[in-house]
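S.K.: My structure is stored as run17.json, with JSON, C-alpha atoms and all ligand atoms.
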[["chain", "number", "residue", "atom", "x", "y", "z"],
["H", 363, "MET", "CA", 93.55, 85.82, 87.37],
["H", 364, "ALA", "CA", 97.28, 85.60, 87.95],
["H", 365, "PRO", "CA", 98.20, 85.97, 91.62],
["H", 366, "ASP", "CA", 101.32, 87.86, 92.55],
["H", 367, "ALA", "CA", 104.19, 85.77, 93.79],
["H", 368, "THR", "CA", 103.88, 85.54, 97.54],
["H", 369, "VAL", "CA", 105.41, 82.89, 99.69],
["H", 370, "ALA", "CA", 102.70, 80.78, 101.28],
["H", 371, "GLY", "CA", 104.05, 79.17, 104.41],
["H", 372, "ARG", "CA", 102.24, 76.65, 106.53],
["H", 373, "GLN", "CA", 100.73, 79.46, 108.55],
["H", 374, "GLY", "CA", 99.62, 81.40, 105.50],
["H", 375, "PRO", "CA", 101.32, 83.83, 103.15],
["H", 376, "VAL", "CA", 103.31, 86.80, 104.39],
["H", 377, "ILE", "CA", 102.52, 90.10, 102.70],
["H", 378, "ARG", "CA", 104.98, 92.98, 102.48],
["H", 379, "LEU", "CA", 102.74, 96.02, 102.77],
["H", 380, "ASP", "CA", 105.55, 98.42, 101.84],
["H", 381, "LYS", "CA", 105.89, 96.71, 98.46],
["H", 382, "ILE", "CA", 102.35, 97.62, 97.42],
["H", 383, "ALA", "CA", 102.25, 101.08, 95.87],
["H", 384, "PRO", "CA", 99.34, 103.43, 96.63],
["H", 385, "GLY", "CA", 96.56, 102.87, 94.12],
["H", 386, "THR", "CA", 97.55, 99.27, 93.45],
["H", 387, "GLN", "CA", 96.54, 95.87, 94.73],
["H", 388, "GLN", "CA", 98.38, 92.63, 95.33],
["H", 389, "THR", "CA", 96.44, 89.41, 94.93],
["H", 390, "VAL", "CA", 97.53, 86.58, 97.20],
["H", 391, "ILE", "CA", 96.24, 83.03, 97.26],
["H", 392, "SER", "CA", 95.45, 81.80, 100.75],
["H", 393, "GLU", "CA", 93.76, 78.46, 101.31],
["H", 394, "ASN", "CA", 92.87, 78.34, 97.62],
["H", 395, "GLU", "CA", 91.04, 81.66, 97.81],
["H", 396, "PRO", "CA", 92.13, 84.98, 96.30],
["H", 397, "VAL", "CA", 92.80, 87.68, 98.85],
["H", 398, "PHE", "CA", 93.11, 91.30, 97.73],
["H", 399, "VAL", "CA", 95.58, 93.53, 99.54],
["H", 400, "ARG", "CA", 94.94, 97.06, 98.36],
["H", 401, "HIS", "CA", 96.87, 100.22, 99.16],
["H", 402, "LEU", "CA", 94.51, 103.17, 99.02],
["H", 403, "THR", "CA", 95.58, 106.54, 97.73],
["H", 404, "PRO", "CA", 95.02, 109.61, 99.93],
["H", 405, "ALA", "CA", 92.06, 110.53, 97.73],
["H", 406, "GLN", "CA", 90.55, 107.06, 98.19],
["H", 407, "ARG", "CA", 91.00, 107.32, 101.95],
["H", 408, "ASP", "CA", 89.19, 110.66, 101.90],
["H", 409, "GLU", "CA", 86.50, 109.08, 99.76],
["H", 410, "ALA", "CA", 86.07, 106.23, 102.22],
["H", 411, "ARG", "CA", 85.86, 108.65, 105.13],
["H", 412, "GLU", "CA", 83.21, 110.75, 103.45],
["H", 413, "GLN", "CA", 81.14, 107.91, 102.13],
["H", 414, "ILE", "CA", 77.86, 106.59, 103.48],
["H", 415, "ALA", "CA", 77.42, 105.97, 107.21],
["H", 416, "ALA", "CA", 77.68, 102.29, 108.05],
["H", 417, "GLU", "CA", 74.16, 102.29, 109.49],
["H", 418, "ASN", "CA", 72.81, 103.04, 106.02],
["H", 419, "LEU", "CA", 74.62, 100.24, 104.23],
["H", 420, "TYR", "CA", 72.94, 97.11, 102.90],
["H", 421, "ASN", "CA", 75.28, 95.22, 105.16],
["H", 422, "PRO", "CA", 76.31, 97.46, 108.07],
["H", 423, "LEU", "CA", 78.67, 94.93, 109.64],
["H", 424, "ALA", "CA", 82.44, 95.10, 109.36],
["H", 425, "ARG", "CA", 82.76, 91.36, 108.55],
["H", 426, "ASN", "CA", 86.29, 91.58, 109.88],
["H", 427, "ALA", "CA", 87.38, 88.20, 111.27],
["H", 428, "ASN", "CA", 90.02, 89.96, 113.38],
["H", 429, "LEU", "CA", 87.51, 92.01, 115.35],
["H", 430, "SER", "CA", 84.48, 91.39, 117.48],
["H", 431, "ALA", "CA", 81.32, 90.44, 115.68],
["H", 432, "GLY", "CA", 78.75, 93.19, 115.36],
["H", 433, "LEU", "CA", 81.08, 96.13, 114.73],
["H", 434, "LEU", "CA", 79.99, 98.49, 111.99],
["H", 435, "ALA", "CA", 81.74, 98.74, 108.63],
["H", 436, "HIS", "CA", 83.77, 101.92, 108.45],
["H", 437, "GLN", "CA", 87.35, 102.97, 107.84],
["H", 438, "ASP", "CA", 88.65, 101.91, 111.25],
["H", 439, "THR", "CA", 87.09, 98.45, 111.10],
["H", 440, "ARG", "CA", 87.81, 97.74, 107.43],
["H", 441, "MET", "CA", 91.46, 98.79, 107.17],
["H", 442, "VAL", "CA", 94.66, 97.46, 108.68],
["H", 443, "ALA", "CA", 95.37, 99.59, 111.74],
["H", 444, "GLY", "CA", 97.92, 102.29, 111.00],
["H", 445, "HIS", "CA", 98.01, 101.60, 107.27],
["H", 446, "ALA", "CA", 96.11, 102.73, 104.20],
["H", 447, "ILE", "CA", 95.63, 99.05, 103.43],
["H", 448, "VAL", "CA", 92.43, 97.10, 102.89],
["H", 449, "ILE", "CA", 92.59, 93.29, 102.95],
["H", 450, "VAL", "CA", 89.53, 91.45, 101.67],
["H", 451, "THR", "CA", 88.67, 88.03, 100.35],
["H", 452, "GLY", "CA", 88.41, 88.33, 96.57],
["H", 453, "ARG", "CA", 85.06, 86.66, 96.24],
["H", 454, "CYS", "CA", 81.81, 88.44, 95.46],
["H", 455, "THR", "CA", 79.32, 87.69, 98.21],
["H", 456, "ARG", "CA", 76.62, 86.80, 95.73],
["H", 457, "ARG", "CA", 78.02, 83.71, 94.02],
["H", 458, "GLY", "CA", 81.72, 83.90, 94.66],
["H", 459, "CYS", "CA", 83.06, 85.34, 91.42],
["H", 460, "VAL", "CA", 86.29, 87.36, 91.57],
["H", 461, "PRO", "CA", 85.49, 91.12, 91.46],
["H", 462, "ILE", "CA", 87.45, 93.53, 89.29],
["H", 463, "LEU", "CA", 89.61, 96.27, 90.83],
["H", 464, "ASP", "CA", 88.91, 99.99, 90.25],
["H", 465, "SER", "CA", 85.58, 99.28, 88.63],
["H", 466, "GLY", "CA", 81.97, 100.06, 89.39],
["H", 467, "ASP", "CA", 80.32, 103.20, 90.66],
["H", 468, "PHE", "CA", 82.34, 103.52, 93.88],
["H", 469, "ASP", "CA", 85.96, 103.08, 92.71],
["H", 470, "GLY", "CA", 86.23, 99.83, 94.61],
["H", 471, "TRP", "CA", 85.54, 96.48, 93.00],
["H", 472, "PHE", "CA", 82.88, 95.38, 90.55],
["H", 473, "CYS", "CA", 81.47, 91.91, 89.96],
["H", 474, "PRO", "CA", 80.54, 91.69, 86.26],
["H", 475, "CYS", "CA", 78.57, 88.53, 86.89],
["H", 476, "CYS", "CA", 75.94, 89.99, 89.21],
["H", 477, "ALA", "CA", 76.69, 93.72, 88.76],
["H", 478, "ALA", "CA", 77.64, 94.19, 92.39],
["H", 479, "HIS", "CA", 79.43, 97.46, 93.17],
["H", 480, "TYR", "CA", 81.76, 97.53, 96.17],
["H", 481, "ASP", "CA", 83.40, 100.68, 97.48],
["H", 482, "VAL", "CA", 87.09, 101.18, 98.31],
["H", 483, "LEU", "CA", 86.57, 99.53, 101.69],
["H", 484, "GLY", "CA", 84.93, 96.51, 100.06],
["H", 485, "ARG", "CA", 81.45, 97.38, 101.27],
["H", 486, "ILE", "CA", 78.55, 96.43, 99.03],
["H", 487, "ARG", "CA", 76.92, 99.62, 97.79],
["H", 488, "LYS", "CA", 74.83, 98.65, 94.78],
["H", 489, "GLY", "CA", 73.56, 95.44, 93.24],
["H", 490, "ILE", "CA", 72.18, 92.22, 94.61],
["H", 491, "ALA", "CA", 75.23, 90.89, 96.44],
["H", 492, "PRO", "CA", 74.19, 90.61, 100.08],
["H", 493, "ARG", "CA", 77.31, 91.42, 102.07],
["H", 494, "ASN", "CA", 80.50, 93.36, 102.31],
["H", 495, "LEU", "CA", 83.60, 91.53, 101.10],
["H", 496, "ALA", "CA", 84.90, 89.47, 104.01],
["H", 497, "ILE", "CA", 88.11, 90.44, 105.78],
["H", 498, "PRO", "CA", 90.17, 87.31, 106.48],
["H", 499, "ARG", "CA", 92.14, 86.64, 109.62],
["H", 500, "TYR", "CA", 95.65, 88.03, 109.65],
["H", 501, "ARG", "CA", 98.42, 88.84, 112.10],
["H", 502, "VAL", "CA", 100.52, 91.98, 111.97],
["H", 503, "LEU", "CA", 104.16, 90.83, 112.17],
["H", 504, "SER", "CA", 105.88, 94.21, 111.94],
["H", 505, "ASP", "CA", 105.34, 97.71, 110.61],
["H", 506, "HIS", "CA", 105.37, 96.39, 107.07],
["H", 507, "GLN", "CA", 104.49, 92.72, 107.28],
["H", 508, "VAL", "CA", 101.20, 90.92, 107.72],
["H", 509, "ARG", "CA", 100.61, 87.18, 107.71],
["H", 510, "LEU", "CA", 97.29, 85.75, 106.58],
["H", 511, "LEU", "CA", 95.99, 83.07, 108.92],
["H", 512, "PRO", "CA", 94.03, 79.93, 108.15],
["H", 513, "HIS", "CA", 90.27, 80.28, 108.33],
["H", 514, "GLY", "CA", 90.18, 77.75, 111.12],
["H", 515, "ALA", "CA", 92.63, 79.64, 113.33],
["H", 516, "GLY", "CA", 89.91, 81.26, 115.40],
["H", 517, "PRO", "CA", 86.21, 82.09, 115.58],
["H", 518, "ASN", "CA", 84.67, 82.14, 112.14],
["H", 519, "ARG", "CA", 82.78, 85.43, 112.12],
["H", 520, "HIS", "CA", 81.40, 84.74, 108.70],
["H", 521, "LYS", "CA", 79.48, 81.77, 109.99],
["H", 522, "ILE", "CA", 77.94, 84.17, 112.48],
["H", 523, "ASP", "CA", 76.93, 86.32, 109.50],
["H", 524, "ASP", "CA", 75.31, 83.27, 107.97],
["H", 525, "LEU", "CA", 73.27, 82.75, 111.10],
["H", 526, "LEU", "CA", 72.25, 86.40, 111.26],
["H", 527, "PHE", "CA", 71.56, 87.03, 107.61],
["H", 528, "GLY", "CA", 70.93, 83.62, 106.08],
["H", 529, "PRO", "CA", 72.58, 82.30, 102.94],
["H", 530, "SER", "CA", 74.43, 84.81, 100.79],
["H", 531, "ASP", "CA", 71.65, 85.35, 98.30],
["H", 532, "ARG", "CA", 69.84, 88.61, 98.80],
["H", 533, "GLY", "CA", 68.09, 88.47, 95.43],
["T", 601, "LIG", "S1", 78.96, 86.48, 92.09],
["T", 601, "LIG", "FE1", 78.96, 85.88, 90.03],
["T", 601, "LIG", "S2", 77.82, 86.58, 91.43],
["T", 601, "LIG", "FE2", 78.70, 88.49, 91.89]]
Transcribe the structure of this file into structure tokens.

M.R.:
Amino acid sequence: MAPDATVAGRQGPVIRLDKIAPGTQQTVISENEPVFVRHLTPAQRDEAREQIAAENLYNPLARNANLSAGLLAHQDTRMVAGHAIVIVTGRCTRRGCVPILDSGDFDGWFCPCCAAHYDVLGRIRKGIAPRNLAIPRYRVLSDHQVRLLPHGAGPNRHKIDDLLFGPSDRG
């Protein structure tokens, strides 16, 4: 995987949202982990809106480190406010492989290792991966700029997930 060139400052890389065309994804490395920044097309946004209710997901939680724990996983809690942008950690929640964009049964990401299918919001929809792709901490700097933040910059919601759901091995 070849990450796009993004300046990684001490506080984390800054992402120019307006430089990511609809239907494409920029991969950024933050704290040695790939982070996907994906600009959804209008059709993908409609798809996300019409898809399964969060209550019926394998993992109903938003897993968004920027929001309160316990919120459900839907468009408002999985996208950057005011943008057709989804930011997720690029690690399958089964064993940590890097999922492939625009693959799988739900037009999201697909992990060829464990056959996990994620939808366009990064929610696990099919396969044995236990959780939705995590949303890392970030700060909105302006209309078009977001800075990723270090994992340790605030409460680690994913550790709360670990307590609630156990280790990330549903199989
Ligand atoms: S993690 Fe290779 S496991 Fe989907």

S.K.: Got a sec: who's within 12 Å of Val448 (chain H), counting all atoms listed in the file, leaving out chain neighbours fewer than 2 positions off, as a count of residues only?

M.R.: 45

S.K.: So, with only C-alpha atoms and all ligand atoms as the atoms that count, which of H:Gly432, H:Pro404, H:Gly489, H:Pro422 lies closest to ligand LIG 601 (chain T)?

M.R.: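 Looking at the shortest contact to ligand LIG 601 (chain T), the residue is H:Gly489.
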
S.K.: Produce a table with one row for each residue of chain H that has an atom at most 12 Å from any atom of ligand LIG 601 (chain T), each row naming the nearest atom pair and its distance in Å at one decimal; use all atoms listed in the file; arrange rows by chain and rising residue number; format as a tab-separated table.

M.R.:
residue	atom	partner	partner_atom	distance
H:Gly452	CA	T:LIG601	S1	10.6
H:Arg453	CA	T:LIG601	S1	7.4
H:Cys454	CA	T:LIG601	FE2	4.7
H:Thr455	CA	T:LIG601	S1	6.2
H:Arg456	CA	T:LIG601	S1	4.3
H:Arg457	CA	T:LIG601	S1	3.5
H:Gly458	CA	T:LIG601	S1	4.6
H:Cys459	CA	T:LIG601	S1	4.3
H:Val460	CA	T:LIG601	S1	7.4
H:Pro461	CA	T:LIG601	FE2	7.3
H:Ile462	CA	T:LIG601	FE2	10.4
H:Trp471	CA	T:LIG601	FE2	10.6
H:Phe472	CA	T:LIG601	FE2	8.2
H:Cys473	CA	T:LIG601	FE2	4.8
H:Pro474	CA	T:LIG601	FE2	6.7
H:Cys475	CA	T:LIG601	FE1	4.1
H:Cys476	CA	T:LIG601	FE2	4.1
H:Ala477	CA	T:LIG601	FE2	6.4
H:Ala478	CA	T:LIG601	FE2	5.8
H:His479	CA	T:LIG601	FE2	9.1
H:Tyr480	CA	T:LIG601	FE2	10.5
H:Ile486	CA	T:LIG601	FE2	10.7
H:Lys488	CA	T:LIG601	FE2	11.2
H:Gly489	CA	T:LIG601	FE2	8.7
H:Ile490	CA	T:LIG601	FE2	8.0
H:Ala491	CA	T:LIG601	FE2	6.2
H:Pro492	CA	T:LIG601	FE2	9.6
H:Arg493	CA	T:LIG601	FE2	10.7
H:Asn494	CA	T:LIG601	FE2	11.6
H:Leu495	CA	T:LIG601	FE2	10.9
H:Ser530	CA	T:LIG601	S1	9.9
H:Asp531	CA	T:LIG601	S2	9.3
H:Arg532	CA	T:LIG601	S2	11.1
H:Gly533	CA	T:LIG601	S2	10.7

S.K.: What is the CA of Val390 (chain H)-CA of Asp467 (chain H) distance in Å, reported with one decimal?

M.R.: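 Taking CA of Val390 (chain H) and CA of Asp467 (chain H), their separation equals 24.8 Å.
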
S.K.: Could you tell me how far CA of Gly466 (chain H) lies from CA of Ala383 (chain H), in Å and to one decimal?

M.R.: 21.3 Å

S.K.: Report, in Å with one decimal, the straight-line distance from CA of Pro512 (chain H) to CA of Ser392 (chain H).

M.R.: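 We find that CA of Pro512 (chain H) and CA of Ser392 (chain H) lie 7.8 Å from each other.
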
S.K.: May I have the protein, DNA and RNA residues with an atom at most 6 Å from (78.1, 95.7, 107.8), counting all atoms listed in the file in the file's coordinates, returned as a PyMOL selection string?

M.R.: chain H and resi 421-424+434-435
